[in-house]
>>> print(open('data-v8.cif').read())   # mmCIF, C-alpha atoms (C1' of nucleotides)
data_protein
loop_
_atom_site.label_atom_id
_atom_site.label_comp_id
_atom_site.auth_asym_id
_atom_site.auth_seq_id
_atom_site.Cartn_x
_atom_site.Cartn_y
_atom_site.Cartn_z
CA MET I 824 -2.23 12.01 46.73
CA ASN I 825 1.19 10.47 46.66
CA LYS I 826 1.52 9.99 42.95
CA THR I 827 1.74 13.03 40.68
CA PRO I 828 0.69 12.29 37.11
CA SER I 829 2.67 13.73 34.20
CA ASP I 830 1.96 17.02 32.44
CA ASP I 831 0.54 15.05 29.54
CA PHE I 832 -2.11 13.71 31.86
CA TYR I 833 -3.31 17.22 32.62
CA TYR I 834 -3.51 18.19 28.95
CA ALA I 835 -5.67 15.11 28.42
CA LEU I 836 -7.71 15.64 31.58
CA VAL I 837 -8.60 19.20 30.58
CA ALA I 838 -9.54 18.10 27.08
CA PHE I 839 -11.70 15.33 28.53
CA LEU I 840 -13.43 17.72 30.93
CA MET I 841 -14.22 20.35 28.31
CA GLN I 842 -15.36 17.90 25.67
CA THR I 843 -17.55 15.91 28.01
CA LYS I 844 -19.13 19.00 29.52
CA GLN I 845 -19.83 20.44 26.09
CA HIS I 846 -21.41 17.20 25.00
CA ILE I 847 -23.70 17.11 28.00
CA VAL I 848 -24.66 20.77 27.47
CA THR I 849 -25.54 20.09 23.83
CA VAL I 850 -27.82 17.21 24.79
CA ALA I 851 -29.30 19.31 27.60
CA VAL I 852 -30.32 22.13 25.27
CA GLU I 853 -32.08 19.65 22.99
CA HIS I 854 -34.20 18.70 25.99
CA GLY I 855 -35.02 22.30 26.91
CA LEU I 856 -32.63 22.44 29.86
CA THR I 857 -29.64 24.66 30.41
CA GLY I 858 -26.28 22.98 30.84
CA VAL I 859 -26.08 23.34 34.59
CA GLN I 860 -29.69 22.30 35.07
CA ALA I 861 -28.90 19.07 33.22
CA LEU I 862 -25.71 18.48 35.18
CA THR I 863 -27.56 19.01 38.44
CA LEU I 864 -30.44 16.79 37.40
CA LEU I 865 -27.95 14.12 36.37
CA SER I 866 -26.25 14.29 39.74
CA LEU I 867 -29.42 13.46 41.65
CA LYS I 868 -30.00 9.85 42.49
CA SER I 869 -33.60 8.73 42.85
CA ARG I 870 -33.81 8.05 46.58
CA ASP I 871 -31.22 10.41 47.75
CA GLU I 872 -32.72 13.67 49.04
CA ARG I 873 -29.94 16.14 49.51
CA SER I 874 -30.24 19.66 50.85
CA MET I 875 -29.23 22.77 48.94
CA THR I 876 -26.12 23.12 51.09
CA GLU I 877 -25.05 19.52 50.57
CA LEU I 878 -25.27 20.01 46.85
CA CYS I 879 -23.26 23.22 46.81
CA LYS I 880 -20.64 21.76 49.14
CA GLN I 881 -20.23 18.79 46.83
CA TYR I 882 -19.44 21.10 43.92
CA ASP I 883 -17.71 23.73 46.01
CA CYS I 884 -19.95 26.50 44.73
CA ASP I 885 -21.91 29.29 46.36
CA ALA I 886 -25.26 28.38 47.90
CA SER I 887 -27.00 31.16 45.98
CA ASN I 888 -26.01 29.42 42.80
CA VAL I 889 -27.94 26.32 43.72
CA THR I 890 -31.05 28.39 44.43
CA GLY I 891 -31.30 29.51 40.81
CA ILE I 892 -30.60 26.09 39.36
CA VAL I 893 -33.20 24.36 41.52
CA ASP I 894 -35.66 27.17 40.75
CA GLY I 895 -35.39 26.31 37.06
CA LEU I 896 -35.75 22.57 37.61
CA GLU I 897 -38.68 23.11 39.96
CA GLN I 898 -40.53 25.34 37.47
CA LYS I 899 -40.26 22.53 34.95
CA GLY I 900 -41.66 20.11 37.52
CA LEU I 901 -38.55 17.94 37.52
CA VAL I 902 -37.66 18.37 41.18
CA SER I 903 -39.37 19.75 44.26
CA ARG I 904 -38.25 21.32 47.51
CA GLN I 905 -39.33 19.19 50.45
CA PRO I 906 -39.16 20.25 54.09
CA HIS I 907 -36.66 18.54 56.33
CA PRO I 908 -38.48 16.51 59.01
CA HIS I 909 -36.46 17.92 61.92
CA ASP I 910 -35.01 21.24 60.71
CA ARG I 911 -37.26 23.79 59.12
CA ARG I 912 -34.34 25.76 57.70
CA ILE I 913 -33.37 22.92 55.41
CA LYS I 914 -35.01 22.19 52.06
CA LEU I 915 -34.47 18.78 50.57
CA ILE I 916 -34.32 18.44 46.83
CA HIS I 917 -36.62 15.65 45.73
CA LEU I 918 -36.37 14.14 42.25
CA GLU I 919 -39.90 13.98 40.84
CA GLU I 920 -41.11 11.23 38.55
CA ALA I 921 -40.94 13.63 35.59
CA GLY I 922 -37.38 14.46 36.56
CA ARG I 923 -36.43 10.82 36.66
CA THR I 924 -37.89 10.39 33.17
CA VAL I 925 -35.92 13.31 31.76
CA GLN I 926 -32.83 12.08 33.54
CA LYS I 927 -33.12 8.71 31.85
CA LYS I 928 -33.60 10.37 28.47
CA LEU I 929 -30.54 12.54 29.03
CA ILE I 930 -28.43 9.55 29.95
CA ALA I 931 -29.64 7.60 26.94
CA ASP I 932 -28.86 10.50 24.61
CA ILE I 933 -25.49 11.18 26.14
CA ALA I 934 -24.52 7.56 25.84
CA GLY I 935 -26.17 7.02 22.48
CA THR I 936 -25.08 10.09 20.58
CA SER I 937 -21.51 10.11 21.81
CA PRO I 938 -19.58 7.77 19.57
CA ASP I 939 -16.55 9.94 20.31
CA MET I 940 -16.91 10.33 24.04
CA PHE I 941 -14.93 7.21 24.82
CA ASN I 942 -13.14 7.29 21.54
CA GLY I 943 -10.19 4.97 21.38
CA LEU I 944 -11.22 2.87 24.36
CA ALA I 945 -12.12 -0.78 24.11
CA ASP I 946 -15.20 -2.05 25.95
CA ALA I 947 -13.08 -3.46 28.74
CA GLU I 948 -11.35 -0.12 29.15
CA ILE I 949 -14.63 1.77 29.30
CA GLU I 950 -15.67 -0.53 32.13
CA GLN I 951 -12.36 0.14 33.86
CA LEU I 952 -12.80 3.89 33.51
CA ALA I 953 -16.38 3.71 34.76
CA ALA I 954 -15.28 1.67 37.76
CA LEU I 955 -12.51 4.12 38.66
CA ILE I 956 -14.71 7.20 38.37
CA GLN I 957 -17.41 5.55 40.45
CA LYS I 958 -14.87 4.64 43.07
CA MET I 959 -13.94 8.31 43.43
CA ASN I 960 -17.59 9.37 43.75
CA PRO I 961 -19.48 6.60 45.44
CA MET B 626 -19.60 2.95 21.70
CA ASN B 627 -20.93 -0.56 22.12
CA LYS B 628 -21.00 -0.68 25.88
CA THR B 629 -23.42 1.54 27.75
CA PRO B 630 -22.32 2.21 31.31
CA SER B 631 -24.86 2.13 34.13
CA ASP B 632 -26.80 5.13 35.43
CA ASP B 633 -24.54 5.12 38.48
CA PHE B 634 -21.62 5.79 36.20
CA TYR B 635 -23.25 8.98 34.98
CA TYR B 636 -23.98 10.25 38.50
CA ALA B 637 -20.29 9.70 39.26
CA LEU B 638 -19.08 11.16 35.96
CA VAL B 639 -21.04 14.37 36.48
CA ALA B 640 -19.77 14.69 40.04
CA PHE B 641 -16.22 14.14 38.82
CA LEU B 642 -16.60 16.74 36.06
CA MET B 643 -18.03 19.43 38.31
CA GLN B 644 -15.62 18.86 41.18
CA THR B 645 -12.56 18.76 38.97
CA LYS B 646 -13.58 21.83 37.04
CA GLN B 647 -14.29 23.74 40.24
CA HIS B 648 -10.94 22.74 41.63
CA ILE B 649 -9.11 23.98 38.55
CA VAL B 650 -11.07 27.25 38.60
CA THR B 651 -10.15 27.82 42.24
CA VAL B 652 -6.45 27.35 41.52
CA ALA B 653 -6.77 29.53 38.40
CA VAL B 654 -8.19 32.47 40.35
CA GLU B 655 -5.31 32.27 42.81
CA HIS B 656 -2.99 32.79 39.85
CA GLY B 657 -4.94 35.74 38.45
CA LEU B 658 -6.57 33.80 35.65
CA THR B 659 -10.22 33.14 34.99
CA GLY B 660 -11.34 29.53 34.92
CA VAL B 661 -11.56 29.22 31.17
CA GLN B 662 -8.27 30.99 30.64
CA ALA B 663 -6.60 28.42 32.88
CA LEU B 664 -8.32 25.51 31.16
CA THR B 665 -7.25 26.82 27.78
CA LEU B 666 -3.69 27.44 28.93
CA LEU B 667 -3.58 23.95 30.39
CA SER B 668 -4.73 22.45 27.12
CA LEU B 669 -1.82 23.93 25.15
CA LYS B 670 1.22 21.74 24.73
CA SER B 671 4.54 23.50 24.34
CA ARG B 672 5.35 22.74 20.71
CA ASP B 673 1.90 22.41 19.40
CA GLU B 674 0.73 25.60 17.65
CA ARG B 675 -2.97 25.29 17.02
CA SER B 676 -5.19 27.77 15.24
CA MET B 677 -8.19 29.42 16.85
CA THR B 678 -10.51 27.24 14.80
CA GLU B 679 -8.76 24.03 15.78
CA LEU B 680 -9.13 24.94 19.41
CA CYS B 681 -12.83 25.75 19.17
CA LYS B 682 -13.51 22.60 17.16
CA GLN B 683 -11.80 20.51 19.81
CA TYR B 684 -14.14 21.88 22.47
CA ASP B 685 -17.11 22.25 20.18
CA CYS B 686 -17.58 25.91 21.03
CA ASP B 687 -18.12 29.04 19.01
CA ALA B 688 -15.05 30.65 17.42
CA SER B 689 -15.90 34.02 18.94
CA ASN B 690 -15.53 32.46 22.34
CA VAL B 691 -11.92 31.55 21.68
CA THR B 692 -11.17 35.13 20.58
CA GLY B 693 -11.99 36.50 24.02
CA ILE B 694 -10.12 33.80 25.91
CA VAL B 695 -6.96 34.20 23.83
CA ASP B 696 -7.27 37.99 24.17
CA GLY B 697 -7.03 37.61 27.92
CA LEU B 698 -4.09 35.22 27.80
CA GLU B 699 -2.30 37.41 25.27
CA GLN B 700 -2.73 40.55 27.39
CA LYS B 701 -1.03 38.71 30.23
CA GLY B 702 1.80 37.73 27.88
CA LEU B 703 1.18 34.01 28.29
CA VAL B 704 0.43 33.25 24.66
CA SER B 705 0.80 35.10 21.36
CA ARG B 706 -0.94 35.00 18.02
CA GLN B 707 1.49 33.99 15.28
CA PRO B 708 0.79 34.21 11.55
CA HIS B 709 0.38 30.99 9.64
CA PRO B 710 3.20 30.59 7.11
CA HIS B 711 0.91 29.80 4.19
CA ASP B 712 -2.51 31.20 5.06
CA ARG B 713 -2.80 34.77 6.27
CA ARG B 714 -6.31 34.20 7.60
CA ILE B 715 -5.07 31.78 10.22
CA LYS B 716 -3.59 32.81 13.56
CA LEU B 717 -1.61 30.21 15.43
CA ILE B 718 -1.68 30.29 19.20
CA HIS B 719 1.85 30.11 20.52
CA LEU B 720 2.58 29.27 24.14
CA GLU B 721 5.10 31.84 25.41
CA GLU B 722 7.79 31.07 27.94
CA ALA B 723 5.82 32.95 30.60
CA GLY B 724 2.78 30.88 29.71
CA ARG B 725 4.70 27.66 30.10
CA THR B 726 5.87 28.81 33.51
CA VAL B 727 2.34 29.59 34.67
CA GLN B 728 1.13 26.34 33.18
CA LYS B 729 3.66 24.41 35.25
CA LYS B 730 2.64 26.29 38.38
CA LEU B 731 -1.02 25.56 37.73
CA ILE B 732 -0.33 21.88 37.27
CA ALA B 733 1.77 21.75 40.42
CA ASP B 734 -0.95 23.48 42.43
CA ILE B 735 -3.73 21.36 41.00
CA ALA B 736 -1.85 18.21 41.78
CA GLY B 737 -0.46 19.41 45.10
CA THR B 738 -3.51 20.98 46.65
CA SER B 739 -5.97 18.30 45.63
CA PRO B 740 -5.80 15.60 48.22
CA ASP B 741 -9.41 14.87 47.38
CA MET B 742 -9.25 14.93 43.60
CA PHE B 743 -8.37 11.26 43.31
CA ASN B 744 -9.84 10.43 46.64
CA GLY B 745 -10.27 6.76 47.23
CA LEU B 746 -7.90 5.67 44.50
CA ALA B 747 -4.68 3.82 45.13
CA ASP B 748 -1.54 4.91 43.30
CA ALA B 749 -1.86 2.11 40.79
CA GLU B 750 -5.44 3.13 40.08
CA ILE B 751 -4.47 6.76 39.55
CA GLU B 752 -1.97 5.57 36.97
CA GLN B 753 -4.67 3.48 35.33
CA LEU B 754 -7.06 6.42 35.21
CA ALA B 755 -4.36 8.70 33.81
CA ALA B 756 -3.54 6.16 31.12
CA LEU B 757 -7.18 5.78 30.09
CA ILE B 758 -7.83 9.52 29.89
CA GLN B 759 -4.66 10.05 27.91
CA LYS B 760 -5.65 7.29 25.53
CA MET B 761 -8.90 9.12 24.77
CA ASN B 762 -7.10 12.42 24.17
CA PRO B 763 -3.72 11.65 22.71
"C1'" DC D 454 -33.51 33.95 76.99
"C1'" DT D 455 -29.89 35.85 74.28
"C1'" DA D 456 -26.08 35.54 71.14
"C1'" DG D 457 -24.18 33.22 67.64
"C1'" DA D 458 -24.31 29.78 63.96
"C1'" DT D 459 -26.59 27.67 59.94
"C1'" DA D 460 -29.82 27.26 55.62
"C1'" DT D 461 -31.66 29.58 52.13
"C1'" DT D 462 -32.90 33.54 49.25
"C1'" DT D 463 -32.35 38.07 46.86
"C1'" DG D 464 -30.01 41.57 44.05
"C1'" DA D 465 -25.83 43.40 41.98
"C1'" DC D 466 -22.14 42.37 39.14
"C1'" DA D 467 -18.31 39.86 36.48
"C1'" DC D 468 -17.39 35.81 33.54
"C1'" DT D 469 -18.87 32.41 29.90
"C1'" DG D 470 -20.92 31.04 25.68
"C1'" DT D 471 -23.91 31.68 21.44
"C1'" DC D 472 -25.60 34.07 17.54
"C1'" DA D 473 -25.63 37.26 13.62
"C1'" DA D 474 -23.01 40.37 11.04
"C1'" DG D 475 -18.72 41.92 9.10
"C1'" DC D 476 -13.86 42.08 7.21
"C1'" DA D 477 -9.97 39.80 5.17
"C1'" DT D 478 -8.16 36.04 2.75
"C1'" DT D 479 -8.22 31.77 0.18
"C1'" DA D 480 -10.51 28.32 -2.98
"C1'" DA D 481 -13.59 27.18 -6.70
"C1'" DT D 482 -15.99 28.23 -10.86
"C1'" DC D 483 -16.41 30.01 -15.04
"C1'" DG V 524 -8.08 36.36 -14.70
"C1'" DA V 525 -12.56 37.83 -12.63
"C1'" DT V 526 -16.39 36.49 -9.93
"C1'" DT V 527 -18.47 33.81 -6.52
"C1'" DA V 528 -18.27 30.90 -2.66
"C1'" DA V 529 -16.03 29.27 1.42
"C1'" DT V 530 -12.99 29.82 5.46
"C1'" DG V 531 -10.77 32.18 9.66
"C1'" DC V 532 -11.23 35.49 12.79
"C1'" DT V 533 -13.36 39.51 15.25
"C1'" DT V 534 -17.09 42.48 17.08
"C1'" DG V 535 -21.38 43.59 19.54
"C1'" DA V 536 -25.67 42.11 21.58
"C1'" DC V 537 -27.66 39.03 24.66
"C1'" DA V 538 -28.76 34.72 27.68
"C1'" DG V 539 -26.55 31.65 31.34
"C1'" DT V 540 -23.33 30.86 35.07
"C1'" DG V 541 -21.07 31.91 39.38
"C1'" DT V 542 -19.66 34.95 43.39
"C1'" DC V 543 -20.37 38.24 46.90
"C1'" DA V 544 -22.81 40.89 50.47
"C1'" DA V 545 -26.96 41.48 52.83
"C1'" DA V 546 -31.44 39.84 54.66
"C1'" DT V 547 -34.65 36.45 56.73
"C1'" DA V 548 -35.81 32.40 59.22
"C1'" DT V 549 -34.53 28.80 62.14
"C1'" DC V 550 -31.65 26.22 65.19
"C1'" DT V 551 -27.85 25.69 68.98
"C1'" DA V 552 -25.04 27.02 72.89
"C1'" DG V 553 -24.32 29.32 76.97
#
>>> encode(input="data-v8.cif", output="structure tokens")
Amino acid sequence: MNKTPSDDFYYALVAFLMQTKQHIVTVAVEHGLTGVQALTLLSLKSRDERSMTELCKQYDCDASNVTGIVDGLEQKGLVSRQPHPHDRRIKLIHLEEAGRTVQKKLIADIAGTSPDMFNGLADAEIEQLAALIQKMNP
Amino acid sequence: MNKTPSDDFYYALVAFLMQTKQHIVTVAVEHGLTGVQALTLLSLKSRDERSMTELCKQYDCDASNVTGIVDGLEQKGLVSRQPHPHDRRIKLIHLEEAGRTVQKKLIADIAGTSPDMFNGLADAEIEQLAALIQKMNP
DNA sequence: CTAGATATTTGACACTGTCAAGCATTAATC
DNA sequence: GATTAATGCTTGACAGTGTCAAATATCTAG
């Protein structure tokens, strides 16, 4: 990174992080999920079968952490552990149909019940923000 | 919110949230703070003396939560509880000089050691992102 | 084939966050 | 002005989250 944003940016960034996370957690609990379970479910794309390790590398957390989270999602039937075709050590996390359904509900609720989430931004600016965040995490 | 971003935006948003939070936590631990202590310290502007309640409303968390976090920061001498001039129930959280110093170090480390935080964004785009996030949390 | 590396899991333990209850202080009602 | 209600903060109990060290199973390199 060449450019260093101002201190004010970091105040705002932290506020944005905490507010957004809290909002997602609140919606998650209404759907019978814990906060991290919802965040993990939301991070899974339909096709994309990632291994436990890939997931924990992406979030820079301990592998044992992922075990517990996936356990919870698997018990609810939202994801399943699939064997890797060429490496029996690896377990691929597969998003089940039920998981996709819950995921869609979560997204709808997060978007729908968050009049304040993008508070102060015009539609065009929301699109800009969405584009930038997607560019960082393609 | 009139505009509803695509599902892909939410995958990216969640990834951004988790990565950024993890990155801040990592830097925090290097400075002897817990993750939430660092986030709270980072959210305090120099002048701005907010009450416990204001802080917990901003993050939509329980008041008792803030008590513990401020306890930790106060023990380290980074913030202090000041009496409100007109209401003796209220305690205002004051950022001490030492707290401001640590805050600046945190920001420098977060910015400096995060070549990946804004990965894929050009300088102009980082400025755009910073402006949008600041606009949401003025 | 053996030694080392990798993927995941388990159990122990600290940190985080919520809830219910309690104390002190202020505001509202009579 | 006295009583009741509301607000701000703290405490203690308890679920959730995250890390570490150790263990197992499997793969890779020499």
>>> closest_residue(input="data-v8.cif", among="I:Leu867, I:Met959, I:Val852, I:Ile933", to="chain V", atoms="only C-alpha atoms (C1' of nucleotides)")
I:Val852
>>> interface_residues(input="data-v8.cif", of="chain B", to="chain I", cutoff="6 Å", atoms="all atoms listed in the file", output="PyMOL selection string")
chain B and resi 626+628+634+636-637+644+667-668+684+740+744-745+748+755+759+761-762
>>> residues_around(input="data-v8.cif", residues="DT547 of chain V", least_positions_apart="6", cutoff="12 Å", atoms="only C-alpha atoms (C1' of nucleotides)", output="PyMOL selection string")
(chain I and resi 912) or (chain D and resi 460-463)
>>> closest_residue(input="data-v8.cif", among="I:Lys928, I:His917, I:Arg911, I:Arg923", to="chain V", atoms="only C-alpha atoms (C1' of nucleotides)")
I:Arg911
>>> closest_atom_pairs(input="data-v8.cif", of="chain D", to="chain B", cutoff="8 Å", atoms="only C-alpha atoms (C1' of nucleotides)", output="CSV")
residue,atom,partner,partner_atom,distance
D:DC468,C1',B:Thr659,CA,7.8
D:DG470,C1',B:Asn690,CA,6.5
D:DT471,C1',B:Asp687,CA,6.8
D:DA477,C1',B:Arg714,CA,7.1
D:DT478,C1',B:Arg714,CA,5.5
D:DT479,C1',B:Asp712,CA,7.5
>>> write_last_selection(input="data-v8.cif", atoms="C-alpha atoms (C1' of nucleotides)", output="mmCIF file, in the coordinates of the input")
data_model
loop_
_atom_site.group_PDB
_atom_site.id
_atom_site.type_symbol
_atom_site.label_atom_id
_atom_site.label_comp_id
_atom_site.auth_asym_id
_atom_site.auth_seq_id
_atom_site.Cartn_x
_atom_site.Cartn_y
_atom_site.Cartn_z
ATOM 1 C "C1'" DC D 468 -17.390 35.810 33.540
ATOM 2 C "C1'" DG D 470 -20.920 31.040 25.680
ATOM 3 C "C1'" DT D 471 -23.910 31.680 21.440
ATOM 4 C "C1'" DA D 477 -9.970 39.800 5.170
ATOM 5 C "C1'" DT D 478 -8.160 36.040 2.750
ATOM 6 C "C1'" DT D 479 -8.220 31.770 0.180
#
>>> resolve_selection(input="data-v8.cif", expression="the PyMOL selection byres ((chain V) within 9 of (chain B))", output="PyMOL selection string")
chain V and resi 530-534
>>> write_last_selection(input="data-v8.cif", atoms="C-alpha atoms (C1' of nucleotides)", output="mmCIF file, in the coordinates of the input")
data_model
loop_
_atom_site.group_PDB
_atom_site.id
_atom_site.type_symbol
_atom_site.label_atom_id
_atom_site.label_comp_id
_atom_site.auth_asym_id
_atom_site.auth_seq_id
_atom_site.Cartn_x
_atom_site.Cartn_y
_atom_site.Cartn_z
ATOM 1 C "C1'" DT V 530 -12.990 29.820 5.460
ATOM 2 C "C1'" DG V 531 -10.770 32.180 9.660
ATOM 3 C "C1'" DC V 532 -11.230 35.490 12.790
ATOM 4 C "C1'" DT V 533 -13.360 39.510 15.250
ATOM 5 C "C1'" DT V 534 -17.090 42.480 17.080
#
>>> atom_distance(input="data-v8.cif", atom1="atom CA of Val695 of chain B", atom2="atom CA of Gln662 of chain B")
7.6 Å
>>> atom_distance(input="data-v8.cif", atom1="atom CA of Gly922 of chain I", atom2="atom CA of Gly900 of chain I")
7.2 Å
>>> closest_residue(input="data-v8.cif", among="B:Asp734, B:Glu674, B:Glu679, B:Glu655", to="Glu721 of chain B", atoms="all atoms listed in the file")
B:Glu674
>>> resolve_selection(input="data-v8.cif", expression="the PyMOL selection byres ((chain V and resi 527) around 12)", output="MDAnalysis selection string")
(chainID D and resid 480:483) or (chainID V and resid 525:526 528:529)
>>> residues_around(input="data-v8.cif", residues="DA456 of chain D", least_positions_apart="5", cutoff="12 Å", atoms="all atoms listed in the file", output="list of chain:residue names")
V:DT551, V:DA552, V:DG553
>>> atom_distance(input="data-v8.cif", atom1="atom CA of Gln905 of chain I", atom2="atom CA of Asp871 of chain I")
12.3 Å
>>> axis_aligned_box(input="data-v8.cif", around="segment 733-737 of chain B", padding_each_side="6 Å", output="AutoDock Vina command-line options")
--center_x -1.0 --center_y 20.8 --center_z 42.8 --size_x 17.5 --size_y 17.3 --size_z 16.7
